[in-house]
file model-v4.txt (compact mmCIF, C-alpha atoms and all ligand atoms)
# COMPACT_ATOMS: atom_id res chain seq x y z
CA MET A 1 82.98 153.45 32.50
CA GLY A 2 82.91 152.43 28.84
CA VAL A 3 85.04 149.52 27.65
CA VAL A 4 87.52 149.98 24.78
CA ASN A 5 89.45 146.81 23.97
CA ILE A 6 92.41 146.99 21.61
CA THR A 7 93.09 143.32 21.14
CA PRO A 8 93.57 141.43 17.85
CA ASP A 9 89.98 140.15 17.78
CA SER A 10 88.84 143.77 17.98
CA PHE A 11 90.71 144.94 14.84
CA SER A 12 91.28 141.77 12.73
CA ASP A 13 94.12 142.24 10.22
CA GLY A 14 94.06 146.01 9.84
CA GLY A 15 97.41 146.63 11.57
CA LEU A 16 98.30 149.23 14.19
CA PHE A 17 96.90 152.29 12.41
CA ALA A 18 93.58 150.54 11.84
CA SER A 19 93.46 149.42 15.46
CA THR A 20 94.17 152.93 16.76
CA GLU A 21 91.62 154.53 14.45
CA HIS A 22 89.04 151.88 15.23
CA ALA A 23 89.59 152.21 18.98
CA LEU A 24 89.36 156.00 18.84
CA SER A 25 86.16 156.04 16.86
CA HIS A 26 84.63 153.52 19.26
CA ALA A 27 85.90 155.56 22.24
CA PHE A 28 84.41 158.82 21.00
CA ARG A 29 81.12 157.05 20.32
CA LEU A 30 81.02 155.85 23.93
CA VAL A 31 81.74 159.38 25.18
CA GLU A 32 78.95 160.68 22.98
CA GLU A 33 76.65 158.02 24.49
CA GLY A 34 77.43 159.35 27.96
CA ALA A 35 80.50 157.54 29.31
CA ASP A 36 82.23 159.56 32.05
CA LEU A 37 85.36 157.46 31.85
CA LEU A 38 86.84 154.95 29.36
CA ASP A 39 88.76 151.79 30.25
CA ILE A 40 91.43 151.10 27.60
CA GLY A 41 92.84 147.58 27.45
CA GLY A 42 95.55 146.10 25.24
CA GLU A 43 95.65 142.59 26.70
CA SER A 44 92.68 140.26 26.95
CA THR A 45 91.86 138.99 30.44
CA ARG A 46 89.11 136.62 29.27
CA PRO A 47 89.16 133.05 30.59
CA GLY A 48 91.76 131.08 28.64
CA SER A 49 93.53 134.16 27.24
CA THR A 50 97.32 134.35 27.05
CA PRO A 51 99.52 137.32 28.03
CA VAL A 52 101.13 139.78 25.59
CA SER A 53 104.54 141.48 25.91
CA VAL A 54 105.04 144.93 27.44
CA GLU A 55 106.08 146.25 24.01
CA GLU A 56 102.95 144.96 22.30
CA GLU A 57 100.66 146.29 25.01
CA LEU A 58 102.32 149.72 24.82
CA ARG A 59 102.11 149.72 21.03
CA ARG A 60 98.38 149.06 21.18
CA ILE A 61 97.28 151.44 23.91
CA ILE A 62 99.58 154.47 24.16
CA PRO A 63 98.50 156.25 20.92
CA VAL A 64 94.87 155.81 21.99
CA VAL A 65 95.45 157.04 25.55
CA GLU A 66 97.35 160.10 24.29
CA ALA A 67 94.71 161.03 21.72
CA LEU A 68 91.85 160.68 24.23
CA ALA A 69 93.65 162.53 27.02
CA ASN A 70 94.42 165.35 24.57
CA GLN A 71 90.67 165.67 24.04
CA ASN A 72 90.11 165.79 27.83
CA VAL A 73 88.54 162.35 27.95
CA GLN A 74 89.05 160.65 31.34
CA VAL A 75 91.04 157.51 30.67
CA SER A 76 91.56 154.41 32.77
CA VAL A 77 94.05 151.79 31.59
CA ASP A 78 93.40 148.11 32.18
CA THR A 79 96.85 146.67 32.87
CA SER A 80 98.86 144.79 35.49
CA LYS A 81 102.31 145.70 34.14
CA PRO A 82 104.20 148.44 36.00
CA GLU A 83 105.96 149.58 32.80
CA VAL A 84 102.62 149.98 31.03
CA MET A 85 101.16 151.77 34.07
CA ARG A 86 103.99 154.32 34.06
CA ALA A 87 103.74 154.95 30.30
CA ALA A 88 99.94 155.21 30.46
CA ILE A 89 100.10 157.74 33.30
CA ALA A 90 102.69 159.78 31.38
CA ALA A 91 100.35 159.67 28.37
CA GLY A 92 97.49 161.12 30.45
CA ALA A 93 95.63 158.20 32.08
CA VAL A 94 93.95 159.19 35.37
CA MET A 95 93.24 155.67 36.58
CA ILE A 96 94.84 152.22 36.52
CA ASN A 97 92.42 149.28 36.48
CA ASP A 98 94.40 146.25 37.65
CA VAL A 99 92.77 142.82 37.65
CA ARG A 100 95.80 141.67 39.72
CA ALA A 101 95.27 144.36 42.36
CA LEU A 102 98.79 145.86 42.05
CA GLN A 103 100.46 142.61 43.12
CA ILE A 104 103.13 142.51 40.40
CA PRO A 105 106.40 143.92 41.81
CA GLY A 106 106.69 147.62 40.93
CA ALA A 107 102.95 148.16 40.43
CA LEU A 108 102.33 149.77 43.83
CA GLU A 109 105.23 152.16 43.24
CA ALA A 110 104.04 153.02 39.71
CA VAL A 111 100.63 154.07 41.04
CA ALA A 112 102.03 155.79 44.15
CA GLU A 113 104.50 157.84 42.11
CA GLY A 114 102.01 158.48 39.30
CA GLY A 115 99.49 160.04 41.71
CA VAL A 116 96.49 158.40 39.99
CA THR A 117 93.43 156.45 41.10
CA ALA A 118 93.65 152.65 41.02
CA CYS A 119 91.06 149.90 40.95
CA LEU A 120 92.04 146.79 42.92
CA MET A 121 90.20 143.79 41.50
CA HIS A 122 89.97 140.31 42.97
CA MET A 123 90.95 137.35 40.79
CA GLN A 124 91.59 133.76 41.87
CA GLY A 125 94.28 132.23 39.60
CA GLU A 126 95.24 133.64 36.21
CA PRO A 127 93.10 134.18 33.10
CA ALA A 128 94.60 131.06 31.50
CA ASN A 129 93.28 128.74 34.25
CA MET A 130 91.03 130.74 36.58
CA GLN A 131 87.77 129.02 35.62
CA VAL A 132 89.11 125.45 36.03
CA ASN A 133 87.91 124.83 39.60
CA PRO A 134 87.55 127.98 41.70
CA GLN A 135 87.23 127.29 45.44
CA TYR A 136 86.28 129.47 48.41
CA ASP A 137 85.30 128.85 52.05
CA ASP A 138 82.90 131.80 51.84
CA VAL A 139 83.20 133.72 48.58
CA VAL A 140 81.99 137.07 49.94
CA GLN A 141 84.19 137.00 53.04
CA ASP A 142 87.23 135.60 51.19
CA VAL A 143 87.07 138.23 48.43
CA LYS A 144 86.45 140.98 50.95
CA ALA A 145 89.43 139.88 53.09
CA PHE A 146 91.66 139.88 50.00
CA LEU A 147 90.58 143.41 49.04
CA LYS A 148 91.11 144.60 52.62
CA ARG A 149 94.67 143.22 52.56
CA ARG A 150 95.36 144.91 49.22
CA LEU A 151 94.01 148.22 50.54
CA GLU A 152 96.42 147.89 53.46
CA ALA A 153 99.27 147.24 51.03
CA THR A 154 98.39 150.34 49.01
CA GLN A 155 98.28 152.45 52.15
CA ALA A 156 101.67 151.10 53.23
CA ALA A 157 102.98 152.10 49.79
CA GLY A 158 101.82 155.67 50.40
CA ILE A 159 98.78 155.69 48.10
CA PRO A 160 96.02 157.78 49.70
CA ARG A 161 92.79 155.88 50.36
CA GLU A 162 90.88 158.52 48.41
CA ARG A 163 92.57 157.21 45.29
CA MET A 164 91.46 153.59 45.76
CA VAL A 165 88.54 151.72 44.21
CA VAL A 166 87.72 148.03 44.80
CA ASP A 167 86.08 145.40 42.60
CA PRO A 168 85.03 141.82 43.50
CA GLY A 169 85.95 140.66 39.97
CA PHE A 170 82.87 138.92 38.57
CA GLY A 171 83.89 135.90 36.49
CA PHE A 172 87.54 136.03 37.52
CA GLY A 173 88.05 132.65 39.20
CA LYS A 174 84.39 132.31 40.22
CA ASN A 175 81.74 129.76 39.28
CA GLN A 176 78.08 130.62 38.78
CA VAL A 177 77.17 130.12 42.45
CA HIS A 178 80.08 132.36 43.51
CA ASN A 179 79.06 135.10 41.05
CA ILE A 180 75.42 135.11 42.14
CA GLU A 181 76.41 135.09 45.81
CA LEU A 182 78.72 138.08 45.23
CA LEU A 183 76.03 140.03 43.44
CA ARG A 184 73.43 139.24 46.11
CA HIS A 185 75.77 140.50 48.85
CA LEU A 186 77.52 143.27 46.90
CA ASP A 187 76.58 145.91 49.48
CA GLN A 188 78.87 144.19 51.99
CA PHE A 189 81.86 145.50 50.05
CA LEU A 190 80.86 149.04 51.01
CA ASP A 191 82.27 148.19 54.47
CA LEU A 192 85.72 148.59 52.90
CA GLY A 193 85.08 152.34 52.83
CA VAL A 194 86.11 153.05 49.25
CA PRO A 195 84.07 153.28 46.03
CA MET A 196 83.20 150.03 44.32
CA LEU A 197 83.61 149.29 40.60
CA VAL A 198 81.60 146.45 39.09
CA GLY A 199 81.93 144.72 35.71
CA LEU A 200 79.06 142.45 34.73
CA SER A 201 78.49 143.64 31.18
CA ARG A 202 77.93 140.79 28.67
CA LYS A 203 79.63 138.29 30.99
CA SER A 204 79.09 134.57 30.67
CA MET A 205 77.33 134.43 34.05
CA LEU A 206 74.52 136.37 32.37
CA GLY A 207 74.55 133.98 29.43
CA LYS A 208 74.23 131.07 31.86
CA ILE A 209 71.12 132.65 33.39
CA THR A 210 69.41 133.69 30.15
CA GLY A 211 70.79 131.25 27.59
CA SER A 212 71.72 134.23 25.38
CA ASP A 213 74.99 134.32 23.47
CA ILE A 214 77.44 137.22 23.90
CA ASN A 215 75.75 139.29 21.15
CA ASN A 216 72.37 139.17 22.89
CA ARG A 217 73.14 140.03 26.47
CA ILE A 218 72.22 143.72 26.63
CA PRO A 219 68.95 143.28 28.58
CA ALA A 220 70.63 140.98 31.10
CA SER A 221 73.59 143.38 31.38
CA ILE A 222 71.25 146.28 32.14
CA ALA A 223 69.44 144.28 34.81
CA ALA A 224 72.75 143.32 36.41
CA ALA A 225 74.05 146.91 36.23
CA LEU A 226 70.93 148.18 37.99
CA ILE A 227 71.23 145.60 40.76
CA ALA A 228 74.87 146.64 41.22
CA ALA A 229 73.89 150.32 41.33
CA MET A 230 71.15 149.62 43.86
CA LYS A 231 73.69 147.82 46.02
CA GLY A 232 76.03 150.82 45.99
CA ALA A 233 78.38 150.39 43.01
CA ALA A 234 79.94 153.76 42.11
CA ILE A 235 81.39 152.80 38.72
CA LEU A 236 79.84 150.38 36.24
CA ARG A 237 82.22 148.97 33.61
CA VAL A 238 79.99 148.47 30.57
CA HIS A 239 80.02 147.94 26.81
CA ASP A 240 76.54 149.36 26.17
CA VAL A 241 76.84 152.88 27.51
CA ARG A 242 73.67 154.48 26.20
CA ALA A 243 71.39 151.67 27.34
CA THR A 244 73.01 151.60 30.78
CA ARG A 245 72.79 155.39 31.18
CA ASP A 246 69.11 155.34 30.30
CA ALA A 247 68.41 152.61 32.85
CA LEU A 248 70.38 154.50 35.51
CA ALA A 249 68.52 157.72 34.71
CA VAL A 250 65.24 155.98 35.50
CA TYR A 251 66.66 154.57 38.71
CA ASN A 252 68.13 157.93 39.76
CA ALA A 253 64.82 159.67 39.08
CA VAL A 254 63.10 157.39 41.56
CA TYR A 255 65.73 156.77 44.21
CA ASP A 256 68.27 158.92 45.99
CA ARG A 257 71.46 156.94 45.40
CA GLY A 258 72.90 158.24 48.66
CA SER A 259 70.32 156.24 50.56
CA ALA A 260 71.70 152.88 49.32
CA ARG A 261 73.62 152.95 52.56
CA GLU A 262 74.10 155.94 54.81
CA ASN A 263 77.87 155.56 54.88
CA ALA A 264 78.39 154.35 51.32
CA SER A 265 81.45 156.15 50.02
CA SER A 266 80.07 155.61 46.52
CA ALA A 267 77.50 158.28 47.18
CA HIS A 268 80.27 160.86 47.35
CA PHE A 269 82.35 159.59 44.45
CA THR A 270 82.49 161.63 41.28
CA VAL A 271 84.66 161.37 38.23
CA GLU A 272 86.44 164.56 39.32
CA THR A 273 87.92 162.47 42.13
CA LEU A 274 89.98 160.66 39.50
CA SER A 275 92.05 163.57 38.26
C1 LIG B 301 89.40 144.27 32.48
N1 LIG B 301 88.17 143.78 33.09
C2 LIG B 301 87.33 142.85 32.57
N2 LIG B 301 86.32 142.62 33.41
C3 LIG B 301 86.52 143.43 34.49
C4 LIG B 301 85.85 143.65 35.69
O1 LIG B 301 84.75 142.98 36.01
N3 LIG B 301 86.35 144.54 36.55
C5 LIG B 301 87.49 145.22 36.26
N4 LIG B 301 87.94 146.11 37.18
N5 LIG B 301 88.18 145.05 35.13
C6 LIG B 301 87.70 144.16 34.28
call {"tool": "encode", "arguments": {"input": "model-v4.txt", "output": "structure tokens", "more": "lines below"}}
Ligand code: 9MG
result
Amino acid sequence: MGVVNITPDSFSDGGLFASTEHALSHAFRLVEEGADLLDIGGESTRPGSTPVSVEEELRRIIPVVEALANQNVQVSVDTSKPEVMRAAIAAGAVMINDVRALQIPGALEAVAEGGVTACLMHMQGEPANMQVNPQYDDVVQDVKAFLKRRLEATQAAGIPRERMVVDPGFGFGKNQVHNIELLRHLDQFLDLGVPMLVGLSRKSMLGKITGSDINNRIPASIAAALIAAMKGAAILRVHDVRATRDALAVYNAVYDRGSARENASSAHFTVETLS
């Protein structure tokens, strides 16, 4: 899954047309590099970020989603807003990536009625304050219990389990010890019985380990992506598609991914499942 952000810092002062053109050229480059799926986001979820309105989010993402879907590119939309979910699905998105795990009223219904795949991500707090002082009894068990409850909520809303994906949410209300613990025990999330999506690309936890700034985190991102793949992740959300694909090709040439765990649903997950 390649990342396409359409936020002000990604298009400076070029206006809407510039942002759409810029996003599309970046998106097609990621497809050319080997992305199976693109995650389009119009609102930053970085620590300390502030929300944008429904109208602004729609204005940023819908022309990009439509143009990509028209070219048969598989599109995921990173949003928590039910109105944006519905518009994105109508524009051709096949997946909703929700860092709030469909908890905003109307989100479950938007996904259920839209008939698309959804990623339920764990976050403690909100982007504006989530890194202030995250606390867990046992980070792996607490995050897993949350995702289990959200899977139950999606089933109660009539969303088939085959359309669900889970994500422990690296860096979303987690300190460095929490993040490392989650990565070390990532395979435990396979118990939930649905494919796992993981986003580690360029994250500050990697900067804390290596001392590298955000522009120099590709090697660390590749190492983290490989660990996640070895522990059963089915979808890797990454900025550096070509480098990640190359690393995965080496891994896949040596190991049978299905053996990561006999019952890992990730082994059976393909992008076709999304449509
Ligand atoms: C939007 N976004 C940023 N980081 C992410 C991550 O780790 N997982 C998911 N699902 N979405 C993310």
call {"tool": "closest_residue", "arguments": {"input": "model-v4.txt", "among": "A:Arg184, A:His122, A:His178, A:Arg163", "to": "Pro134 of chain A", "atoms": "all atoms listed in the file"}}
result
A:His178
call {"tool": "atom_distance", "arguments": {"input": "model-v4.txt", "atom1": "atom CA of Ala118 of chain A", "atom2": "atom CA of Ile159 of chain A"}}
result
9.3 Å
call {"tool": "residues_near_ligand", "arguments": {"input": "model-v4.txt", "ligand": "ligand LIG 301 (chain B)", "cutoff": "8 Å", "atoms": "only C-alpha atoms and all ligand atoms", "output": "NGL selection string"}}
result
:A and (39 or 41 or 44-46 or 78-79 or 97-99 or 119-121 or 166-172 or 197-201 or 237)
call {"tool": "residues_around", "arguments": {"input": "model-v4.txt", "residues": "Ser221 of chain A", "least_positions_apart": "4", "cutoff": "9 Å", "atoms": "all atoms listed in the file", "output": "compact mmCIF listing (two decimals) with C-alpha atoms, in the frame of the given file"}}
result
# COMPACT_ATOMS: atom_id res chain seq x y z
CA LEU A 200 79.06 142.45 34.73
CA SER A 201 78.49 143.64 31.18
CA ARG A 202 77.93 140.79 28.67
CA LYS A 203 79.63 138.29 30.99
CA LEU A 206 74.52 136.37 32.37
CA ARG A 217 73.14 140.03 26.47
CA ALA A 225 74.05 146.91 36.23
CA LEU A 226 70.93 148.18 37.99
CA VAL A 238 79.99 148.47 30.57
CA ASP A 240 76.54 149.36 26.17
CA THR A 244 73.01 151.60 30.78
call {"tool": "atom_distance", "arguments": {"input": "model-v4.txt", "atom1": "atom CA of Ile222 of chain A", "atom2": "atom CA of Ala35 of chain A"}}
result
14.8 Å
